[in-house]
$ cat input19.csv   # CSV, C-alpha atoms
chain,number,residue,atom,x,y,z
F,1,MET,CA,124.4,183.4,65.7
F,2,LYS,CA,123.5,186.5,67.8
F,3,ASN,CA,121.0,186.4,70.6
F,4,TRP,CA,118.7,189.1,71.8
F,5,ASN,CA,120.8,190.0,74.8
F,6,SER,CA,123.7,191.0,72.6
F,7,VAL,CA,121.3,193.0,70.4
F,8,GLU,CA,119.9,194.8,73.4
F,9,GLU,CA,123.3,195.5,74.8
F,10,LYS,CA,124.3,197.2,71.6
F,11,TRP,CA,121.2,199.2,71.5
F,12,ARG,CA,121.6,200.2,75.2
F,13,GLU,CA,125.1,201.5,74.4
F,14,GLN,CA,123.8,203.5,71.5
F,15,LEU,CA,120.9,205.0,73.3
F,16,GLN,CA,122.6,205.6,76.6
F,17,ASN,CA,124.2,208.9,75.6
F,18,LYS,CA,121.5,210.1,73.1
F,19,SER,CA,120.4,213.7,73.8
F,20,ASP,CA,117.4,215.4,72.3
F,21,ASP,CA,117.0,219.2,71.8
F,22,ILE,CA,115.4,220.9,74.7
F,23,PRO,CA,112.3,222.8,73.7
F,24,GLU,CA,112.2,226.5,74.3
F,25,GLY,CA,110.3,227.7,77.3
F,26,LEU,CA,110.5,224.4,79.2
F,27,TRP,CA,112.9,225.9,81.8
F,28,SER,CA,110.5,228.8,82.3
F,29,ARG,CA,107.7,226.4,83.0
F,30,ILE,CA,109.9,224.5,85.5
F,31,GLU,CA,110.9,227.8,87.1
F,32,GLU,CA,107.3,228.8,87.5
F,33,ARG,CA,106.5,225.5,89.2
F,34,LEU,CA,109.5,225.9,91.5
F,35,GLU,CA,108.2,229.3,92.6
F,36,GLU,CA,104.7,228.1,93.3
F,37,LYS,CA,104.0,228.0,97.0
F,38,PRO,CA,102.6,224.8,98.4
F,39,VAL,CA,98.8,224.7,98.8
F,40,ARG,CA,97.9,226.1,102.1
F,41,ARG,CA,95.5,223.9,103.9
F,42,PHE,CA,95.5,225.5,107.2
F,43,PRO,CA,92.0,227.0,107.1
F,44,ILE,CA,90.6,223.6,108.0
F,45,TYR,CA,93.0,223.2,110.9
F,46,TRP,CA,92.2,226.8,112.0
F,47,ALA,CA,88.5,226.0,111.9
F,48,ALA,CA,89.1,222.9,114.0
F,49,ALA,CA,91.3,224.8,116.4
F,50,ALA,CA,88.7,227.5,116.7
F,51,MET,CA,85.9,225.0,117.5
F,52,LEU,CA,88.1,223.4,120.1
F,53,LEU,CA,88.9,226.7,121.7
F,54,ILE,CA,85.2,227.6,121.9
F,55,ALA,CA,84.5,224.2,123.5
F,56,VAL,CA,87.3,224.8,126.0
F,57,GLY,CA,86.1,228.3,126.7
F,58,LEU,CA,82.5,227.2,127.2
F,59,SER,CA,83.7,224.4,129.5
F,60,TRP,CA,85.7,227.0,131.6
F,61,ASN,CA,82.7,229.3,131.9
F,62,TRP,CA,80.5,226.5,132.9
F,63,ASN,CA,82.7,225.5,135.8
F,64,ALA,CA,83.9,228.9,137.0
F,65,ALA,CA,81.1,229.7,139.4
F,66,PRO,CA,80.7,226.2,141.0
F,67,GLU,CA,84.4,226.2,141.8
F,68,GLU,CA,83.9,228.9,144.5
F,69,THR,CA,81.2,227.0,146.3
F,70,ARG,CA,83.3,223.8,146.3
F,71,THR,CA,85.9,225.5,148.4
F,72,VAL,CA,83.3,226.0,151.1
F,73,ALA,CA,82.7,222.3,151.3
F,74,SER,CA,86.4,221.7,151.7
F,75,GLU,CA,86.6,224.3,154.4
F,76,VAL,CA,84.0,222.5,156.4
F,77,THR,CA,86.2,219.4,156.4
F,78,THR,CA,88.6,219.3,159.2
F,79,ALA,CA,92.1,219.1,160.5
F,80,PRO,CA,93.0,216.6,163.2
F,81,ALA,CA,92.8,218.0,166.7
F,82,ASN,CA,92.5,216.9,170.3
F,83,SER,CA,89.1,215.4,170.9
F,84,GLU,CA,88.9,216.8,174.5
F,85,THR,CA,89.2,220.4,173.3
F,86,PRO,CA,85.8,222.0,173.5
F,87,LEU,CA,84.4,222.3,170.1
F,88,SER,CA,83.1,225.7,170.8
F,89,GLN,CA,86.7,227.0,170.9
F,90,ASN,CA,87.1,225.9,167.3
F,91,VAL,CA,84.1,227.7,166.1
F,92,GLN,CA,85.1,230.7,164.0
F,93,GLU,CA,82.9,233.3,162.6
F,94,SER,CA,83.7,234.6,159.2
F,95,THR,CA,82.2,236.6,156.5
F,96,GLU,CA,84.0,234.8,153.7
F,97,THR,CA,81.3,232.2,153.1
F,98,ILE,CA,77.8,231.9,151.7
F,99,ALA,CA,75.1,234.2,153.0
F,100,SER,CA,71.5,233.3,153.7
F,101,SER,CA,72.2,229.6,153.0
F,102,PRO,CA,71.1,226.9,155.4
F,103,ILE,CA,74.8,226.1,155.8
F,104,SER,CA,75.3,229.3,157.7
F,105,THR,CA,72.7,228.7,160.3
F,106,VAL,CA,74.1,225.6,162.0
F,107,THR,CA,73.8,225.4,165.7
F,108,VAL,CA,77.1,224.2,167.1
F,109,PRO,CA,77.1,221.9,170.1
F,110,SER,CA,79.4,222.9,172.9
F,111,THR,CA,80.3,219.5,174.6
F,112,ALA,CA,82.3,216.5,173.6
F,113,ASP,CA,79.3,214.2,174.2
F,114,GLN,CA,77.5,215.8,171.4
F,115,GLN,CA,80.4,215.3,169.0
F,116,GLU,CA,78.5,212.5,167.2
F,117,SER,CA,75.6,214.8,166.5
F,118,VAL,CA,78.1,217.3,165.2
F,119,LEU,CA,79.4,214.8,162.7
F,120,LEU,CA,75.8,214.1,161.6
F,121,SER,CA,75.1,217.7,161.2
F,122,GLU,CA,78.3,218.1,159.2
F,123,LEU,CA,77.1,215.4,156.9
F,124,VAL,CA,73.9,217.2,156.5
F,125,ILE,CA,75.9,220.3,155.7
F,126,THR,CA,77.8,218.6,153.0
F,127,GLU,CA,74.7,217.3,151.5
F,128,GLU,CA,73.1,220.7,151.6
F,129,ILE,CA,76.1,222.2,150.0
F,130,LYS,CA,75.8,219.8,147.1
F,131,HIS,CA,72.1,220.7,146.7
F,132,LYS,CA,72.7,224.4,147.0
F,133,GLU,CA,75.9,224.7,145.0
F,134,GLU,CA,74.3,226.0,141.9
F,135,VAL,CA,72.0,228.4,143.9
F,136,ALA,CA,75.0,229.7,145.8
F,137,ALA,CA,77.0,230.1,142.6
F,138,VAL,CA,74.7,232.8,141.3
F,139,GLN,CA,74.4,234.7,144.5
F,140,PRO,CA,76.7,237.6,144.6
F,141,LEU,CA,79.4,237.6,147.2
F,142,ILE,CA,78.5,241.1,148.3
F,143,GLU,CA,75.2,239.8,149.6
F,144,SER,CA,77.0,237.9,152.3
F,145,LYS,CA,78.8,241.0,153.5
F,146,ALA,CA,75.5,242.9,153.7
F,147,GLU,CA,74.2,240.5,156.3
F,148,PRO,CA,77.2,239.6,158.4
F,149,GLU,CA,75.1,238.7,161.5
F,150,GLU,CA,73.7,235.7,159.7
F,151,VAL,CA,77.0,234.3,158.4
F,152,VAL,CA,78.7,231.6,160.4
F,153,THR,CA,81.5,229.5,159.1
F,154,VAL,CA,81.9,226.3,161.1
F,155,ARG,CA,85.3,224.7,161.4
F,156,LEU,CA,84.9,221.3,162.9
F,157,ASP,CA,87.5,219.0,164.4
F,158,ILE,CA,86.9,215.5,163.5
F,159,ASP,CA,89.0,212.5,164.1
F,160,PRO,CA,90.8,211.8,160.8
F,161,ILE,CA,90.0,208.1,161.0
F,162,GLN,CA,86.3,208.9,161.3
F,163,GLU,CA,86.7,211.3,158.4
F,164,GLU,CA,88.1,208.5,156.2
F,165,GLU,CA,85.3,206.1,157.2
F,166,ARG,CA,82.6,208.6,156.3
F,167,PRO,CA,80.8,207.4,153.3
F,168,VAL,CA,80.7,210.8,151.7
F,169,ALA,CA,80.5,210.5,148.0
F,170,LYS,CA,82.5,213.4,146.7
F,171,ARG,CA,81.2,213.6,143.2
F,172,ARG,CA,83.3,215.9,141.2
F,173,LYS,CA,81.4,218.0,138.9
F,174,ARG,CA,82.2,217.1,135.3
F,175,SER,CA,83.3,219.8,132.9
F,176,LEU,CA,81.1,220.6,130.0
F,177,PHE,CA,83.5,218.8,127.7
F,178,GLY,CA,83.3,215.8,129.9
F,179,LYS,CA,79.5,216.0,129.9
F,180,ILE,CA,79.5,216.2,126.1
F,181,VAL,CA,81.8,213.2,125.8
F,182,GLY,CA,79.6,211.3,128.2
F,183,GLU,CA,76.5,212.1,126.2
F,184,ILE,CA,78.2,211.1,123.0
F,185,ARG,CA,79.2,207.8,124.6
F,186,GLN,CA,75.6,207.3,125.7
F,187,ALA,CA,74.4,208.0,122.2
F,188,LEU,CA,76.9,205.5,120.8
F,189,ASP,CA,75.7,202.9,123.2
F,190,GLY,CA,72.2,203.4,121.7
F,191,GLU,CA,70.7,205.0,124.8
F,192,PRO,CA,68.5,208.0,124.5
F,193,VAL,CA,70.3,211.3,125.1
F,194,ASN,CA,68.7,214.5,126.4
F,195,TRP,CA,71.0,217.1,124.9
F,196,GLN,CA,69.0,219.9,126.5
F,197,LYS,CA,70.1,219.0,129.9
F,198,LEU,CA,73.6,220.1,129.1
F,199,LYS,CA,72.5,223.7,129.4
F,200,GLU,CA,70.5,223.2,132.7
F,201,GLY,CA,71.6,225.5,135.5
F,202,ASN,CA,73.5,227.9,133.2
F,203,PRO,CA,71.3,230.2,131.2
F,204,ALA,CA,74.4,231.8,129.7
F,205,PHE,CA,75.2,228.5,128.0
F,206,GLU,CA,72.1,228.8,125.9
F,207,ASN,CA,73.6,231.9,124.4
F,208,ASN,CA,76.9,230.2,123.9
F,209,ILE,CA,75.2,227.4,122.0
F,210,HIS,CA,73.9,230.1,119.6
F,211,ASN,CA,77.4,231.5,119.4
F,212,VAL,CA,78.9,228.1,118.6
F,213,ALA,CA,76.2,227.5,115.9
F,214,ASN,CA,76.9,231.0,114.4
F,215,THR,CA,80.6,230.3,114.4
F,216,TYR,CA,80.1,227.0,112.7
F,217,VAL,CA,77.9,228.5,110.0
F,218,LYS,CA,80.5,231.3,109.4
F,219,THR,CA,83.4,228.8,109.3
F,220,GLU,CA,81.5,226.6,106.9
F,221,GLU,CA,80.8,229.6,104.6
F,222,ASN,CA,84.5,230.7,104.8
F,223,LEU,CA,85.6,227.2,104.0
F,224,LYS,CA,83.3,227.0,101.0
F,225,ARG,CA,84.5,230.4,99.8
F,226,THR,CA,88.1,229.4,100.3
F,227,LEU,CA,87.8,226.0,98.6
F,228,GLN,CA,85.3,227.3,96.1
F,229,ILE,CA,82.8,224.6,96.8
F,230,GLN,CA,79.5,225.1,95.0
H,1,MET,CA,119.4,231.0,75.8
H,2,SER,CA,121.6,233.9,76.6
H,3,THR,CA,121.6,233.5,80.4
H,4,ARG,CA,125.1,233.4,81.6
H,5,LEU,CA,125.5,230.4,83.9
H,6,PRO,CA,128.1,230.3,86.7
H,7,ALA,CA,130.8,227.8,86.3
H,8,PHE,CA,130.3,225.1,88.9
H,9,LEU,CA,133.5,223.3,89.5
H,10,SER,CA,132.2,219.9,90.2
H,11,GLU,CA,129.0,217.9,90.2
H,12,THR,CA,129.0,217.9,94.0
H,13,GLU,CA,129.2,221.6,94.0
H,14,LEU,CA,126.4,221.9,91.6
H,15,ILE,CA,124.2,219.5,93.6
H,16,GLU,CA,124.9,221.4,96.8
H,17,ALA,CA,124.0,224.7,95.2
H,18,CYS,CA,120.8,223.2,93.9
H,19,ARG,CA,119.9,222.0,97.4
H,20,LYS,CA,120.2,225.5,98.5
H,21,ASN,CA,117.6,226.5,95.9
H,22,ASN,CA,120.1,228.4,93.8
H,23,ARG,CA,118.1,229.0,90.7
H,24,GLN,CA,121.2,229.4,88.5
H,25,ALA,CA,122.5,226.1,89.7
H,26,GLN,CA,119.2,224.5,89.0
H,27,HIS,CA,119.2,226.0,85.5
H,28,ALA,CA,122.7,224.7,85.0
H,29,LEU,CA,121.7,221.2,86.1
H,30,PHE,CA,118.6,221.3,83.8
H,31,GLN,CA,120.8,222.4,80.8
H,32,LYS,CA,123.2,219.6,81.6
H,33,MET,CA,120.6,216.8,81.9
H,34,ALA,CA,117.5,217.8,80.1
H,35,GLY,CA,118.5,216.6,76.6
H,36,LYS,CA,119.4,213.1,77.8
H,37,MET,CA,116.4,212.9,80.0
H,38,LEU,CA,114.0,214.0,77.3
H,39,SER,CA,115.4,211.2,75.2
H,40,VAL,CA,114.7,208.7,78.0
H,41,VAL,CA,111.2,209.9,78.5
H,42,LYS,CA,110.4,209.9,74.8
H,43,ARG,CA,111.2,206.2,74.6
H,44,TYR,CA,108.3,205.6,77.0
H,45,ILE,CA,105.9,208.4,75.8
H,46,THR,CA,105.7,208.9,72.1
H,47,ASN,CA,103.5,212.0,72.3
H,48,THR,CA,105.9,215.0,72.3
H,49,SER,CA,104.0,217.4,74.4
H,50,GLU,CA,103.1,214.7,76.9
H,51,ALA,CA,106.8,213.7,77.0
H,52,GLU,CA,107.8,217.4,77.7
H,53,ASP,CA,105.2,217.7,80.5
H,54,THR,CA,106.6,214.5,82.0
H,55,LEU,CA,110.1,215.9,81.8
H,56,MET,CA,109.0,219.0,83.5
H,57,GLU,CA,107.3,217.1,86.3
H,58,GLY,CA,110.4,215.0,86.6
H,59,PHE,CA,112.7,218.0,87.0
H,60,VAL,CA,110.4,219.5,89.6
H,61,LYS,CA,110.6,216.3,91.5
H,62,VAL,CA,114.4,216.1,91.1
H,63,PHE,CA,114.8,219.6,92.7
H,64,SER,CA,112.3,218.9,95.5
H,65,LYS,CA,113.8,215.5,96.4
H,66,LEU,CA,117.4,216.4,96.0
H,67,ASP,CA,118.0,216.0,99.7
H,68,GLN,CA,117.2,212.3,99.3
H,69,TYR,CA,120.2,211.8,97.0
H,70,GLN,CA,122.9,210.2,99.2
H,71,GLY,CA,125.7,210.4,96.7
H,72,GLY,CA,126.2,206.6,96.7
H,73,GLY,CA,125.5,206.0,93.0
H,74,SER,CA,125.6,207.9,89.8
H,75,PHE,CA,123.7,211.2,90.0
H,76,GLU,CA,122.7,210.9,86.4
H,77,GLY,CA,121.4,207.4,87.2
H,78,TRP,CA,119.4,208.8,90.1
H,79,ILE,CA,117.8,211.4,87.8
H,80,ARG,CA,117.1,208.8,85.1
H,81,LYS,CA,115.3,206.7,87.6
H,82,ILE,CA,113.1,209.6,88.6
H,83,MET,CA,112.3,210.3,84.9
H,84,VAL,CA,111.5,206.7,84.3
H,85,ASN,CA,109.1,206.6,87.3
H,86,GLU,CA,107.5,209.8,86.1
H,87,ALA,CA,107.0,208.3,82.7
H,88,LEU,CA,105.5,205.2,84.2
H,89,MET,CA,103.1,207.3,86.3
H,90,SER,CA,102.1,209.2,83.2
H,91,ILE,CA,101.4,205.9,81.4
H,92,ARG,CA,99.5,204.6,84.4
H,93,LYS,CA,97.1,207.5,84.1
H,94,ASN,CA,95.7,205.8,80.9
H,95,LYS,CA,94.7,202.4,82.0
H,96,ASP,CA,94.0,201.3,78.4
H,97,ARG,CA,97.8,201.5,77.8
H,98,TYR,CA,98.6,199.2,80.6
H,99,PRO,CA,100.2,195.8,79.8
H,100,VAL,CA,97.7,193.1,79.7
H,101,ASP,CA,98.3,190.4,82.3
H,102,ILE,CA,99.1,187.5,80.1
H,103,ASP,CA,101.4,184.8,81.2
H,104,ALA,CA,101.5,182.9,77.9
H,105,ALA,CA,105.1,182.5,76.7
H,106,PHE,CA,106.0,183.3,73.1
H,107,ASP,CA,108.6,181.5,71.1
H,108,VAL,CA,111.0,184.1,70.0
H,109,ALA,CA,113.1,183.5,66.9
H,110,HIS,CA,116.8,184.4,67.0
H,111,PRO,CA,117.3,188.1,66.1
H,112,ASP,CA,118.0,189.0,62.6
H,113,GLU,CA,121.5,190.1,62.0
H,114,THR,CA,120.2,193.4,60.6
H,115,LEU,CA,119.1,194.4,64.1
H,116,MET,CA,122.8,194.7,65.0
H,117,GLN,CA,123.4,197.1,62.1
H,118,LEU,CA,120.7,199.6,62.9
H,119,GLY,CA,121.5,203.2,63.5
H,120,LEU,CA,120.3,205.3,66.4
H,121,GLN,CA,117.2,206.8,64.7
H,122,GLU,CA,116.2,203.4,63.3
H,123,ILE,CA,116.4,201.8,66.7
H,124,GLU,CA,114.2,204.5,68.2
H,125,ASN,CA,111.7,204.3,65.4
H,126,LEU,CA,111.5,200.5,65.8
H,127,ILE,CA,111.0,200.7,69.6
H,128,SER,CA,108.4,203.5,69.4
H,129,SER,CA,106.4,201.4,66.9
H,130,LEU,CA,105.7,198.9,69.7
H,131,PRO,CA,102.4,199.1,71.6
H,132,THR,CA,102.8,201.0,74.9
H,133,GLY,CA,102.7,197.9,77.1
H,134,TYR,CA,105.3,196.0,75.2
H,135,ARG,CA,107.4,199.1,74.7
H,136,THR,CA,107.4,199.9,78.4
H,137,ILE,CA,108.6,196.5,79.4
H,138,PHE,CA,111.2,196.3,76.6
H,139,ASN,CA,112.6,199.7,77.6
H,140,LEU,CA,112.7,198.8,81.2
H,141,TYR,CA,114.4,195.4,80.7
H,142,ALA,CA,116.5,195.9,77.6
H,143,ILE,CA,117.5,199.5,77.7
H,144,GLU,CA,117.4,200.5,81.4
H,145,GLY,CA,118.5,197.1,82.7
H,146,TYR,CA,115.8,196.4,85.2
H,147,SER,CA,115.2,192.8,86.2
H,148,HIS,CA,111.8,191.1,85.7
H,149,ALA,CA,111.3,191.1,89.5
H,150,GLU,CA,111.8,194.9,89.5
H,151,ILE,CA,109.5,195.4,86.5
H,152,ALA,CA,106.8,193.3,88.2
H,153,GLN,CA,107.0,195.5,91.3
H,154,LEU,CA,107.1,198.7,89.3
H,155,LEU,CA,104.1,197.9,87.1
H,156,ALA,CA,102.2,195.8,89.7
H,157,ILE,CA,102.2,192.8,87.4
H,158,SER,CA,103.6,189.3,87.7
H,159,GLU,CA,107.1,188.3,86.7
H,160,GLY,CA,105.6,185.9,84.2
H,161,THR,CA,103.7,188.7,82.6
H,162,SER,CA,106.9,190.8,82.4
H,163,LYS,CA,108.7,187.9,80.7
H,164,SER,CA,105.9,187.1,78.3
H,165,GLN,CA,105.5,190.7,77.3
H,166,LEU,CA,109.2,191.0,76.7
H,167,SER,CA,109.1,187.9,74.4
H,168,ARG,CA,106.2,189.4,72.6
H,169,ALA,CA,108.0,192.7,72.2
H,170,ARG,CA,111.0,191.0,70.7
H,171,THR,CA,108.8,189.1,68.2
H,172,LEU,CA,107.1,192.3,67.2
H,173,LEU,CA,110.4,194.0,66.7
H,174,GLN,CA,111.5,191.2,64.4
H,175,ASN,CA,108.3,191.4,62.5
H,176,GLN,CA,108.4,195.2,62.3
H,177,LEU,CA,111.9,195.0,60.9
H,178,ALA,CA,110.8,192.6,58.2
H,179,ALA,CA,107.9,195.0,57.3
H,180,LEU,CA,110.3,198.0,57.2
H,181,GLN,CA,112.7,196.1,54.9
H,182,LEU,CA,109.9,195.3,52.6

$ encode --input "input19.csv" --output "structure tokens"
Amino acid sequence: MKNWNSVEEKWREQLQNKSDDIPEGLWSRIEERLEEKPVRRFPIYWAAAAMLLIAVGLSWNWNAAPEETRTVASEVTTAPANSETPLSQNVQESTETIASSPISTVTVPSTADQQESVLLSELVITEEIKHKEEVAAVQPLIESKAEPEEVVTVRLDIDPIQEEERPVAKRRKRSLFGKIVGEIRQALDGEPVNWQKLKEGNPAFENNIHNVANTYVKTEENLKRTLQIQ
Amino acid sequence: MSTRLPAFLSETELIEACRKNNRQAQHALFQKMAGKMLSVVKRYITNTSEAEDTLMEGFVKVFSKLDQYQGGGSFEGWIRKIMVNEALMSIRKNKDRYPVDIDAAFDVAHPDETLMQLGLQEIENLISSLPTGYRTIFNLYAIEGYSHAEIAQLLAISEGTSKSQLSRARTLLQNQLAALQL
């Protein structure tokens, strides 16, 4: 009595080497398929890369001007020196810094007894720098050269220990990208976000927003055209 | 076809040339294997044009995945596996053809002696008369030699379903033979 396994084994042997006639034209169809190039999907990646570049570009423009004023603040900070050295000797005049700013009109004490008041005035300077950073950023450098008599750069010698103890909050200005991320986080936390404040202090940014919007619209149109989305 | 094909000395040489995208070598491989593979695909897909489309897709896959062939087993076996998978994918596109998930066992009578005497064409006709679900499992188990565990994995069904579908297929083959003899 045969069982199914033996029947199937016999069938398997018979079918194993069976070959059908190949229909004409099948190889041509395969050849066409082999010559097809893979679907190019880069337009989407290009669009994303373009948006990223624009964002980076805007961020760079946003920070370019304030960077210059920040160097002024760092120059006002000091190197260690002998406290007995008259401070007046360390005062240097220079035309490299900001003109017509309150920073430039500091009266420098000439005795060691008045060192404390110097420190205080330096603190005031730093604070003023922060407040005037954006104003100074838009003022042309040439202006400072036009009125050299009003320009004074103060290099102060302060004990480094005191320097460290100073409760100066050096807030680093965030880049535009950082600000946008901050706003998005704020929005995710459910807090109200004032998107308009992103452009404050930089009128050029408003134009850039329009540029970004135009780029977005054009990219979208291109994508629709490429992908033939109705 | 009048195209003169280069004589590839060995299968390894042919495979290597195909890997380098040598169109003549690919044509030679197609000529060598297409007939057998069409027979395999037709056991799963009875519609001729659908079977040819599946064969074409299978060969495109063979050429594109050739780097994955390690040379450990039979090359023909590797191609056959791709064709079977391609056929299963084609069947999967039509959900109504899918094997029903039934675990009920069927009592299968011993096979009729006549089944051992059948010719190649009769065997093919008998198998192709089975509904797609049963035919798929019968082909995978009885002809290709897959285990129930492998079939279960391939078709995303339980092993029990695979076993019961095989039993049902055997019963149907027996009944079909009786009908044909009438």

$ atom_distance --input "input19.csv" --atom1 "CA of Thr215 (chain F)" --atom2 "CA of Val56 (chain F)"
14.5 Å

$ residues_around --input "input19.csv" --residues "Asn47 (chain H)" --least-positions-apart "5" --cutoff "12 Å" --atoms "all atoms listed in the file" --output "list of chain:residue names"
H:Leu38, H:Val41, H:Lys42, H:Glu52, H:Asp53, H:Thr54, H:Ala87, H:Ser90, H:Ile91, H:Ser128, H:Thr132

$ interface_residues --input "input19.csv" --of "chain H" --to "chain F" --cutoff "9 Å" --atoms "only C-alpha atoms" --output "PDB file with C-alpha atoms, keeping the file's coordinate frame"
ATOM      1  CA  MET H   1     119.400 231.000  75.800  1.00  0.00           C
ATOM      2  CA  ARG H  23     118.100 229.000  90.700  1.00  0.00           C
ATOM      3  CA  HIS H  27     119.200 226.000  85.500  1.00  0.00           C
ATOM      4  CA  PHE H  30     118.600 221.300  83.800  1.00  0.00           C
ATOM      5  CA  GLN H  31     120.800 222.400  80.800  1.00  0.00           C
ATOM      6  CA  MET H  33     120.600 216.800  81.900  1.00  0.00           C
ATOM      7  CA  ALA H  34     117.500 217.800  80.100  1.00  0.00           C
ATOM      8  CA  GLY H  35     118.500 216.600  76.600  1.00  0.00           C
ATOM      9  CA  LYS H  36     119.400 213.100  77.800  1.00  0.00           C
ATOM     10  CA  MET H  37     116.400 212.900  80.000  1.00  0.00           C
ATOM     11  CA  LEU H  38     114.000 214.000  77.300  1.00  0.00           C
ATOM     12  CA  SER H  39     115.400 211.200  75.200  1.00  0.00           C
ATOM     13  CA  VAL H  40     114.700 208.700  78.000  1.00  0.00           C
ATOM     14  CA  GLU H  52     107.800 217.400  77.700  1.00  0.00           C
ATOM     15  CA  ASP H  53     105.200 217.700  80.500  1.00  0.00           C
ATOM     16  CA  LEU H  55     110.100 215.900  81.800  1.00  0.00           C
ATOM     17  CA  MET H  56     109.000 219.000  83.500  1.00  0.00           C
ATOM     18  CA  GLU H  57     107.300 217.100  86.300  1.00  0.00           C
ATOM     19  CA  PHE H  59     112.700 218.000  87.000  1.00  0.00           C
ATOM     20  CA  VAL H  60     110.400 219.500  89.600  1.00  0.00           C
ATOM     21  CA  PHE H  63     114.800 219.600  92.700  1.00  0.00           C
ATOM     22  CA  SER H  64     112.300 218.900  95.500  1.00  0.00           C
ATOM     23  CA  HIS H 110     116.800 184.400  67.000  1.00  0.00           C
ATOM     24  CA  PRO H 111     117.300 188.100  66.100  1.00  0.00           C
ATOM     25  CA  ASP H 112     118.000 189.000  62.600  1.00  0.00           C
ATOM     26  CA  GLU H 113     121.500 190.100  62.000  1.00  0.00           C
ATOM     27  CA  LEU H 115     119.100 194.400  64.100  1.00  0.00           C
ATOM     28  CA  MET H 116     122.800 194.700  65.000  1.00  0.00           C
ATOM     29  CA  LEU H 118     120.700 199.600  62.900  1.00  0.00           C
ATOM     30  CA  GLY H 119     121.500 203.200  63.500  1.00  0.00           C
ATOM     31  CA  LEU H 120     120.300 205.300  66.400  1.00  0.00           C
ATOM     32  CA  ILE H 123     116.400 201.800  66.700  1.00  0.00           C
ATOM     33  CA  GLU H 124     114.200 204.500  68.200  1.00  0.00           C
ATOM     34  CA  ALA H 142     116.500 195.900  77.600  1.00  0.00           C
ATOM     35  CA  ILE H 143     117.500 199.500  77.700  1.00  0.00           C
ATOM     36  CA  GLU H 144     117.400 200.500  81.400  1.00  0.00           C
ATOM     37  CA  GLY H 145     118.500 197.100  82.700  1.00  0.00           C
ATOM     38  CA  ARG H 170     111.000 191.000  70.700  1.00  0.00           C
TER      39      ARG H 170
END

$ atom_distance --input "input19.csv" --atom1 "CA of Ser147 (chain H)" --atom2 "CA of Gly71 (chain H)"
23.0 Å

$ residues_around --input "input19.csv" --residues "Glu16 (chain H)" --least-positions-apart "2" --cutoff "12 Å" --atoms "all atoms listed in the file" --output "list in words"
Phe8, Leu9, Ser10, Glu11, Thr12, Glu13, Leu14, Cys18, Arg19, Lys20, Asn21, Asn22, Arg23, Ala25, Gln26, Leu29, Phe63, Leu66, Asp67, Tyr69, Gln70 and Gly71 of chain H

$ atom_distance --input "input19.csv" --atom1 "CA of Val84 (chain H)" --atom2 "CA of Lys65 (chain H)"
15.1 Å

$ residues_near_point --input "input19.csv" --point "(107.5, 192.8, 63.3)" --cutoff "12 Å" --atoms "all atoms listed in the file" --output "list in words"
Val108, Ala109, Pro111, Asp112, Leu115, Leu126, Ile127, Ser129, Leu130, Pro131, Arg168, Ala169, Arg170, Thr171, Leu172, Leu173, Gln174, Asn175, Gln176, Leu177, Ala178, Ala179, Leu180, Gln181 and Leu182 of chain H

$ closest_residue --input "input19.csv" --among "F:Leu188, F:Asn208, F:Val193, F:Glu36" --to "Ser59 (chain F)" --atoms "all atoms listed in the file"
F:Asn208

$ decode --input "input19.csv" --residues "region 203-212 of chain F" --atoms "N, CA and C atoms" --output "CSV table (one decimal), in the first residue's frame"
chain,number,residue,atom,x,y,z
F,203,PRO,N,16.1,94.4,10.9
F,203,PRO,CA,15.1,94.7,9.8
F,203,PRO,C,15.3,93.8,8.6
F,204,ALA,N,16.6,93.5,8.4
F,204,ALA,CA,16.9,92.6,7.2
F,204,ALA,C,16.3,91.3,7.3
F,205,PHE,N,16.1,90.8,8.5
F,205,PHE,CA,15.5,89.5,8.7
F,205,PHE,C,14.1,89.4,8.2
F,206,GLU,N,13.4,90.6,8.3
F,206,GLU,CA,12.0,90.5,7.7
F,206,GLU,C,12.0,90.2,6.3
F,207,ASN,N,13.0,90.8,5.5
F,207,ASN,CA,13.1,90.5,4.1
F,207,ASN,C,13.5,89.0,3.9
F,208,ASN,N,14.3,88.5,4.8
F,208,ASN,CA,14.7,87.1,4.7
F,208,ASN,C,13.6,86.2,4.9
F,209,ILE,N,12.7,86.6,5.8
F,209,ILE,CA,11.5,85.7,6.0
F,209,ILE,C,10.7,85.6,4.7
F,210,HIS,N,10.6,86.7,4.0
F,210,HIS,CA,9.9,86.7,2.7
F,210,HIS,C,10.6,85.8,1.7
F,211,ASN,N,11.9,85.9,1.8
F,211,ASN,CA,12.7,85.0,0.9
F,211,ASN,C,12.5,83.6,1.2
F,212,VAL,N,12.5,83.2,2.5
F,212,VAL,CA,12.3,81.8,2.9
F,212,VAL,C,10.9,81.4,2.4
